[in-house]
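Text of final22.cif, listed as mmCIF, C-alpha atoms:
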```cif
data_coords
#
loop_
_atom_site.label_atom_id
_atom_site.label_comp_id
_atom_site.auth_asym_id
_atom_site.auth_seq_id
_atom_site.Cartn_x
_atom_site.Cartn_y
_atom_site.Cartn_z
CA MET A 46 23.62 15.89 40.06
CA PHE A 47 23.87 13.04 37.55
CA HIS A 48 22.20 9.70 38.22
CA GLY A 49 20.67 6.59 36.69
CA SER A 50 21.45 5.07 33.31
CA MET A 51 24.10 7.18 31.60
CA VAL A 52 24.97 5.86 28.16
CA ALA A 53 28.61 5.93 27.09
CA LEU A 54 27.46 6.72 23.57
CA VAL A 55 29.23 5.30 20.53
CA THR A 56 30.38 7.69 17.82
CA PRO A 57 28.68 6.49 14.62
CA MET A 58 30.93 6.28 11.58
CA ARG A 59 30.45 5.36 7.97
CA ALA A 60 32.23 2.39 6.44
CA ASP A 61 35.16 4.64 5.47
CA GLY A 62 35.51 5.94 9.04
CA ALA A 63 33.90 9.34 8.43
CA LEU A 64 31.72 10.68 11.23
CA ASP A 65 28.02 10.00 10.68
CA PHE A 66 26.04 12.82 12.27
CA ALA A 67 22.70 11.65 10.86
CA ALA A 68 23.13 8.37 12.74
CA LEU A 69 24.22 10.27 15.85
CA LYS A 70 20.98 12.23 15.76
CA ARG A 71 18.95 9.01 15.44
CA LEU A 72 20.75 7.52 18.43
CA VAL A 73 20.18 10.61 20.56
CA GLU A 74 16.46 10.70 19.77
CA TRP A 75 16.16 6.98 20.50
CA HIS A 76 17.91 7.28 23.85
CA ILE A 77 15.74 10.15 24.98
CA ALA A 78 12.60 8.27 23.93
CA GLU A 79 13.80 5.13 25.73
CA GLY A 80 14.48 6.89 29.02
CA THR A 81 18.27 7.23 29.16
CA ASP A 82 19.05 9.67 31.98
CA VAL A 83 22.35 11.16 30.77
CA ILE A 84 24.30 11.04 27.51
CA VAL A 85 28.07 10.74 27.80
CA SER A 86 29.71 11.89 24.58
CA VAL A 87 33.16 10.92 23.25
CA GLY A 88 34.30 8.74 26.09
CA THR A 89 36.17 5.48 25.55
CA THR A 90 33.12 3.92 23.90
CA GLY A 91 32.87 7.02 21.69
CA GLU A 92 36.35 6.30 20.30
CA SER A 93 37.76 9.54 21.65
CA ALA A 94 41.28 8.18 21.18
CA THR A 95 40.86 8.05 17.39
CA LEU A 96 39.26 11.49 16.95
CA ASP A 97 41.28 14.62 16.38
CA VAL A 98 40.45 17.69 18.47
CA SER A 99 38.19 19.29 15.85
CA GLU A 100 36.24 16.03 15.43
CA HIS A 101 36.04 15.55 19.20
CA LEU A 102 34.50 18.99 19.62
CA ALA A 103 32.23 18.54 16.59
CA VAL A 104 30.73 15.37 18.08
CA ILE A 105 30.12 17.18 21.37
CA GLU A 106 28.57 20.18 19.59
CA HIS A 107 26.25 18.04 17.46
CA THR A 108 25.24 15.94 20.46
CA LEU A 109 24.29 19.07 22.38
CA GLU A 110 22.33 20.34 19.40
CA TYR A 111 20.39 17.09 19.07
CA VAL A 112 19.75 16.72 22.80
CA ALA A 113 18.53 20.32 23.01
CA GLY A 114 18.58 20.40 26.80
CA ARG A 115 16.26 17.43 27.30
CA VAL A 116 18.80 15.41 29.30
CA PRO A 117 22.25 16.29 30.67
CA VAL A 118 25.27 15.81 28.42
CA ILE A 119 28.67 14.91 29.85
CA ALA A 120 31.72 15.08 27.56
CA GLY A 121 34.82 12.94 27.81
CA THR A 122 37.66 15.47 28.03
CA GLY A 123 40.45 13.61 29.81
CA ALA A 124 44.05 13.44 28.65
CA ASN A 125 47.42 12.32 29.93
CA SER A 126 48.61 15.93 29.79
CA THR A 127 47.05 18.17 32.41
CA ARG A 128 47.28 21.19 30.11
CA GLU A 129 45.53 19.29 27.30
CA ALA A 130 42.77 18.12 29.65
CA ILE A 131 42.20 21.69 30.83
CA ASP A 132 42.07 22.99 27.26
CA LEU A 133 39.68 20.31 26.00
CA SER A 134 37.46 20.59 29.08
CA SER A 135 37.31 24.37 28.76
CA ARG A 136 36.30 24.10 25.11
CA ALA A 137 33.61 21.54 25.90
CA VAL A 138 32.21 23.73 28.67
CA SER A 139 32.12 26.69 26.29
CA LEU A 140 29.97 24.56 23.96
CA GLY A 141 27.48 24.02 26.77
CA VAL A 142 28.10 20.57 28.27
CA ASP A 143 26.68 19.87 31.71
CA GLY A 144 29.83 18.13 32.92
CA CYS A 145 33.18 16.64 31.96
CA LEU A 146 34.36 13.04 32.36
CA LEU A 147 38.08 12.94 33.08
CA VAL A 148 39.93 9.66 32.69
CA THR A 149 43.07 9.19 34.75
CA PRO A 150 46.20 10.07 32.75
CA TYR A 151 47.19 7.03 30.71
CA TYR A 152 50.60 5.67 29.73
CA ASN A 153 52.72 8.05 31.80
CA LYS A 154 51.66 6.36 35.09
CA PRO A 155 51.55 9.28 37.57
CA THR A 156 51.87 8.83 41.30
CA GLN A 157 48.87 9.29 43.58
CA GLU A 158 50.16 12.78 44.38
CA GLY A 159 50.40 13.48 40.66
CA LEU A 160 46.80 12.36 40.19
CA PHE A 161 45.65 14.61 43.02
CA ARG A 162 47.42 17.63 41.56
CA HIS A 163 46.21 16.81 38.03
CA TYR A 164 42.55 16.85 39.05
CA MET A 165 42.96 19.78 41.39
CA ALA A 166 44.47 21.83 38.55
CA ILE A 167 41.61 20.96 36.20
CA ALA A 168 38.99 21.74 38.86
CA GLU A 169 40.56 25.14 39.52
CA ALA A 170 40.76 25.99 35.81
CA VAL A 171 37.39 24.63 34.65
CA PRO A 172 34.35 25.91 36.59
CA ALA A 173 32.03 23.03 35.71
CA PRO A 174 30.90 19.74 37.26
CA LEU A 175 33.67 17.17 36.86
CA VAL A 176 33.42 13.38 37.01
CA LEU A 177 36.61 11.45 37.69
CA TYR A 178 37.14 8.22 35.76
CA ASN A 179 39.23 5.32 37.03
CA VAL A 180 39.76 2.48 34.54
CA PRO A 181 43.09 0.82 35.37
CA GLY A 182 42.63 -1.95 32.79
CA ARG A 183 43.04 0.64 30.03
CA THR A 184 45.27 3.28 31.56
CA ALA A 185 47.88 1.35 33.62
CA CYS A 186 46.96 3.82 36.37
CA ASP A 187 44.79 3.04 39.39
CA MET A 188 43.53 5.99 41.43
CA GLN A 189 43.21 4.82 45.01
CA PRO A 190 40.18 5.58 47.21
CA ALA A 191 42.33 7.67 49.53
CA THR A 192 43.23 9.95 46.63
CA VAL A 193 39.59 10.28 45.61
CA GLU A 194 38.73 11.14 49.21
CA ARG A 195 41.34 13.92 49.13
CA LEU A 196 39.61 15.33 46.06
CA ALA A 197 36.10 15.06 47.49
CA ASP A 198 36.15 18.47 49.13
CA ILE A 199 36.69 20.26 45.81
CA ALA A 200 33.25 21.68 45.10
CA ASN A 201 33.03 20.99 41.37
CA ILE A 202 34.24 17.40 41.57
CA VAL A 203 30.83 15.75 41.71
CA GLY A 204 31.37 12.08 40.84
CA ILE A 205 33.64 9.21 39.96
CA LYS A 206 33.16 6.51 37.36
CA GLU A 207 34.84 3.50 38.96
CA ALA A 208 35.69 0.86 36.36
CA SER A 209 38.06 -1.40 38.24
CA GLY A 210 35.43 -4.16 38.20
CA SER A 211 35.60 -4.48 41.97
CA LEU A 212 32.44 -4.19 44.05
CA LYS A 213 34.67 -4.07 47.14
CA ARG A 214 36.38 -0.98 45.72
CA VAL A 215 33.01 0.67 45.08
CA GLU A 216 31.85 -0.07 48.63
CA GLU A 217 35.03 1.53 49.99
CA LEU A 218 34.52 4.61 47.86
CA VAL A 219 30.90 4.99 48.97
CA ALA A 220 31.97 4.65 52.61
CA ARG A 221 34.75 7.22 52.24
CA LEU A 222 32.85 9.75 50.15
CA GLY A 223 29.38 9.66 51.64
CA ARG A 224 27.17 12.10 49.74
CA ARG A 225 29.99 14.47 48.79
CA VAL A 226 30.90 12.70 45.54
CA ALA A 227 28.63 10.30 43.66
CA VAL A 228 30.00 6.89 42.73
CA TYR A 229 29.02 5.48 39.34
CA SER A 230 29.64 1.99 38.06
CA GLY A 231 31.85 1.76 35.01
CA ASP A 232 31.13 -1.96 34.68
CA ASP A 233 27.70 -3.09 33.50
CA ALA A 234 28.11 -6.56 34.99
CA ILE A 235 28.12 -5.18 38.55
CA ALA A 236 26.12 -1.99 37.96
CA ARG A 237 22.99 -3.29 39.69
CA GLU A 238 24.94 -4.25 42.81
CA VAL A 239 26.81 -0.95 42.76
CA MET A 240 23.55 0.99 42.85
CA LEU A 241 22.10 -1.26 45.54
CA HIS A 242 25.24 -0.56 47.59
CA GLY A 243 25.04 3.22 47.43
CA GLY A 244 26.19 4.04 43.89
CA ARG A 245 24.19 6.70 42.05
CA GLY A 246 24.15 5.17 38.57
CA VAL A 247 26.09 3.54 35.76
CA ILE A 248 27.99 4.92 32.79
CA SER A 249 27.02 2.09 30.53
CA VAL A 250 28.08 0.32 27.36
CA THR A 251 25.05 -1.99 27.44
CA ALA A 252 22.73 1.03 27.44
CA ASN A 253 23.82 1.67 23.84
CA VAL A 254 21.79 -1.34 22.71
CA ALA A 255 19.25 -1.81 25.53
CA PRO A 256 18.53 1.73 26.75
CA ARG A 257 15.04 1.17 28.15
CA ALA A 258 16.03 -1.97 30.02
CA MET A 259 19.07 -0.29 31.55
CA ALA A 260 17.06 2.80 32.49
CA GLU A 261 14.35 0.72 34.19
CA MET A 262 16.86 -1.51 35.95
CA SER A 263 18.75 1.53 37.22
CA LYS A 264 15.56 3.14 38.48
CA ALA A 265 14.63 -0.02 40.39
CA ALA A 266 18.11 -0.44 41.86
CA LEU A 267 18.29 3.20 42.96
CA ALA A 268 14.89 2.76 44.64
CA GLY A 269 16.24 -0.26 46.51
CA ASP A 270 13.87 -2.68 44.78
CA VAL A 271 16.18 -5.70 44.83
CA GLU A 272 13.83 -8.20 43.19
CA ARG A 273 12.71 -5.95 40.33
CA ALA A 274 16.25 -4.78 39.63
CA ALA A 275 17.44 -8.40 39.46
CA ALA A 276 14.57 -9.42 37.19
CA LEU A 277 15.28 -6.55 34.80
CA ASP A 278 19.02 -7.19 34.83
CA ALA A 279 18.85 -10.94 34.21
CA PRO A 280 18.14 -10.81 30.44
CA LEU A 281 21.04 -8.36 30.05
CA ALA A 282 23.61 -10.48 31.87
CA GLU A 283 24.97 -12.11 28.73
CA LEU A 284 25.26 -8.74 26.98
CA HIS A 285 27.15 -7.29 29.93
CA GLN A 286 29.78 -9.97 29.40
CA LYS A 287 29.81 -10.50 25.64
CA LEU A 288 30.06 -6.81 24.75
CA PHE A 289 33.68 -7.21 25.84
CA VAL A 290 34.70 -10.30 23.83
CA GLU A 291 36.93 -7.86 21.96
CA SER A 292 37.99 -4.35 22.91
CA ASN A 293 35.15 -1.92 23.52
CA PRO A 294 33.54 -0.47 21.36
CA ILE A 295 34.08 -3.20 18.75
CA PRO A 296 31.29 -5.54 19.97
CA VAL A 297 28.75 -2.82 20.79
CA LYS A 298 29.17 -1.28 17.34
CA PHE A 299 28.59 -4.72 15.83
CA VAL A 300 25.33 -5.07 17.77
CA LEU A 301 24.14 -1.58 16.83
CA HIS A 302 24.89 -2.36 13.19
CA ALA A 303 23.00 -5.66 13.47
CA MET A 304 20.07 -3.67 14.87
CA GLY A 305 20.16 -1.40 11.81
CA MET A 306 21.08 1.65 13.91
CA ILE A 307 24.53 2.47 12.49
CA GLU A 308 26.78 1.61 9.55
CA ALA A 309 29.69 -0.79 9.98
CA GLY A 310 32.19 1.96 10.66
CA ILE A 311 35.11 1.91 13.09
CA ARG A 312 38.60 3.41 13.03
CA LEU A 313 42.00 1.79 13.11
CA PRO A 314 43.66 0.55 15.15
CA LEU A 315 40.25 -0.91 16.09
CA THR A 316 38.82 -3.39 13.59
CA TRP A 317 35.36 -4.80 12.94
CA LEU A 318 34.29 -7.71 15.15
CA SER A 319 35.97 -11.00 14.23
CA ALA A 320 33.66 -13.48 12.52
CA GLU A 321 34.24 -16.04 15.28
CA HIS A 322 32.31 -13.82 17.72
CA HIS A 323 29.29 -12.97 15.55
CA ALA A 324 27.15 -15.88 16.75
CA THR A 325 28.08 -15.17 20.37
CA LEU A 326 26.86 -11.58 20.13
CA ARG A 327 23.68 -12.58 18.31
CA LYS A 328 22.94 -15.10 21.05
CA ALA A 329 23.36 -12.35 23.65
CA MET A 330 21.03 -10.13 21.60
CA ASP A 331 18.40 -12.88 21.59
CA ALA A 332 18.67 -13.28 25.35
CA ALA A 333 18.06 -9.55 25.77
CA ASN A 334 15.19 -9.55 23.27
CA ILE A 335 17.09 -7.29 20.87
CA GLN A 336 16.01 -7.68 17.26
CA ASN A 337 18.66 -8.57 14.70
CA VAL A 338 17.75 -7.01 11.36
CA ILE A 339 21.08 -7.28 9.50
CA SER A 340 22.57 -10.74 9.20
CA ALA A 341 26.01 -9.82 7.85
#
```
Whole structure, structure tokens version:
Amino acid sequence: MFHGSMVALVTPMRADGALDFAALKRLVEWHIAEGTDVIVSVGTTGESATLDVSEHLAVIEHTLEYVAGRVPVIAGTGANSTREAIDLSSRAVSLGVDGCLLVTPYYNKPTQEGLFRHYMAIAEAVPAPLVLYNVPGRTACDMQPATVERLADIANIVGIKEASGSLKRVEELVARLGRRVAVYSGDDAIAREVMLHGGRGVISVTANVAPRAMAEMSKAALAGDVERAAALDAPLAELHQKLFVESNPIPVKFVLHAMGMIEAGIRLPLTWLSAEHHATLRKAMDAANIQNVISA
């Protein structure tokens, strides 16, 4: 259902932290023009954790308005309360999203049985395509492949974003799930290999700043063109790494600001990129042929 380069879109903010919908519209138009396959709104990279519910829904609603049906829109609607995840997902679906991205419950560290029941409850309550999201480095919760396999027979669970950073884990998921549930890379650094090993795409941070390159690389990898995919991915390799020198989305917002795409806005407890990393990110931009138009 969803495939290719799926941008985990930043939420543009002004210097005072206010939401910047004009910049959001520019980003959406740019991504569609550059070939991004799917827009993922208010995920981790979209600073969902610092938005209140009304802001969260407003960003989704504006994104849908700007996209106007030209590409699918998936909304991040996960929570560590099953009831809250159901409520937020239901509201997003009522706005018109094409799917929901549901991070594993964070902080409260559920068992594998708890994870199974959490997702089963959401799937029963929300009649929309659902994408599971496993990112143990952020949540202190690692959903095991056996649990995902248990969920694979639920009709509206259509994919999983696997962000453990392990290609071995992805290969196990692909083997267990077959074509029932699509596996998406949640790590840009291994996204090419994930797609060459049966994954259906990437939910990408790098695509925020190099959308055409990520779209073309994903297309090549999904077609099994090993050499072209590697050639397209090589200039992005430094970005894949350096966009995580501080917590995401701090570095990617810095790069987008340096490109002149957004203001230097981010919300506490996140802070603007430390000065010691500025040169590192600009070097990665140069390697990826990304123009730096703002020096500060």
Handout entry: Selection under test: the PyMOL selection byres ((chain A and resi 112) around 12); residues as a PyMOL selection string
Key = chain A and resi 69-78+81-86+105-111+113-119+141-143
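Closest approach to A:Asn125 among A:Leu160, A:Ile295, A:Ala275, A:Met330: A:Leu160, based on only C-alpha atoms.
Shell of A:Ser99 at 12 Å, with only C-alpha atoms counted and residues fewer than 3 places along the chain excluded, is A:Leu64, A:Ser93, A:Thr95, A:Leu96, A:Leu102, A:Ala103, A:Val104, A:Ile105, A:Glu106, A:Leu133, A:Arg136, A:Ala137.
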Practice task
With the file shown as input, list the residues that the PyMOL selection byres ((chain A and resi 299) around 12) selects, as a PyMOL selection string.
Solution key: chain A and resi 55+57+253-254+287-298+300-311+316-320+322-327+330+337-341
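Selection by the PyMOL selection byres ((chain A and resi 166-176) around 7) on the present file picks out Ile131, Ser134, Ser135, Asp143, Gly144, Cys145, Leu146, Leu147, Arg162, His163, Tyr164, Met165, Leu177, Tyr178, Asn201, Ile202, Val203, Gly204, Ile205 and Lys206 of chain A.
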With C-alpha atoms retained, write the just-selected residues as a PDB file, in the frame of the given file.
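out_32.pdb was written with the following content:
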```pdb
ATOM      1  CA  ILE A 131      42.200  21.690  30.830  1.00  0.00           C
ATOM      2  CA  SER A 134      37.460  20.590  29.080  1.00  0.00           C
ATOM      3  CA  SER A 135      37.310  24.370  28.760  1.00  0.00           C
ATOM      4  CA  ASP A 143      26.680  19.870  31.710  1.00  0.00           C
ATOM      5  CA  GLY A 144      29.830  18.130  32.920  1.00  0.00           C
ATOM      6  CA  CYS A 145      33.180  16.640  31.960  1.00  0.00           C
ATOM      7  CA  LEU A 146      34.360  13.040  32.360  1.00  0.00           C
ATOM      8  CA  LEU A 147      38.080  12.940  33.080  1.00  0.00           C
ATOM      9  CA  ARG A 162      47.420  17.630  41.560  1.00  0.00           C
ATOM     10  CA  HIS A 163      46.210  16.810  38.030  1.00  0.00           C
ATOM     11  CA  TYR A 164      42.550  16.850  39.050  1.00  0.00           C
ATOM     12  CA  MET A 165      42.960  19.780  41.390  1.00  0.00           C
ATOM     13  CA  LEU A 177      36.610  11.450  37.690  1.00  0.00           C
ATOM     14  CA  TYR A 178      37.140   8.220  35.760  1.00  0.00           C
ATOM     15  CA  ASN A 201      33.030  20.990  41.370  1.00  0.00           C
ATOM     16  CA  ILE A 202      34.240  17.400  41.570  1.00  0.00           C
ATOM     17  CA  VAL A 203      30.830  15.750  41.710  1.00  0.00           C
ATOM     18  CA  GLY A 204      31.370  12.080  40.840  1.00  0.00           C
ATOM     19  CA  ILE A 205      33.640   9.210  39.960  1.00  0.00           C
ATOM     20  CA  LYS A 206      33.160   6.510  37.360  1.00  0.00           C
TER      21      LYS A 206
END
```
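Remark: for A:Ser211, the closest of the candidate residues A:Asn334, A:Ile235, A:Met51, A:Arg195 is A:Ile235 (distances computed over all atoms listed in the file).
The shortest atom-to-atom distance to A:Thr156, with only C-alpha atoms taken into account, belongs to A:Asp187 out of A:Asp187, A:Glu207, A:Glu216, A:Asp97.
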Fill in the blank from the handout: Between A:Glu194, A:Thr89, A:Met262, A:Thr122, smallest distance to A:Ala282 by all atoms listed in the file belongs to A:Met262
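In this structure, atom CA of A:Ala266 sits 19.2 Å away from atom CA of A:Ala53.
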Problem - All residues 10 Å or closer to A:Asp232, only C-alpha atoms, same chain fewer than 4 positions away omitted, as a PyMOL selection string - result: chain A and resi 180+206-212+236-237+239+247-251+285-286
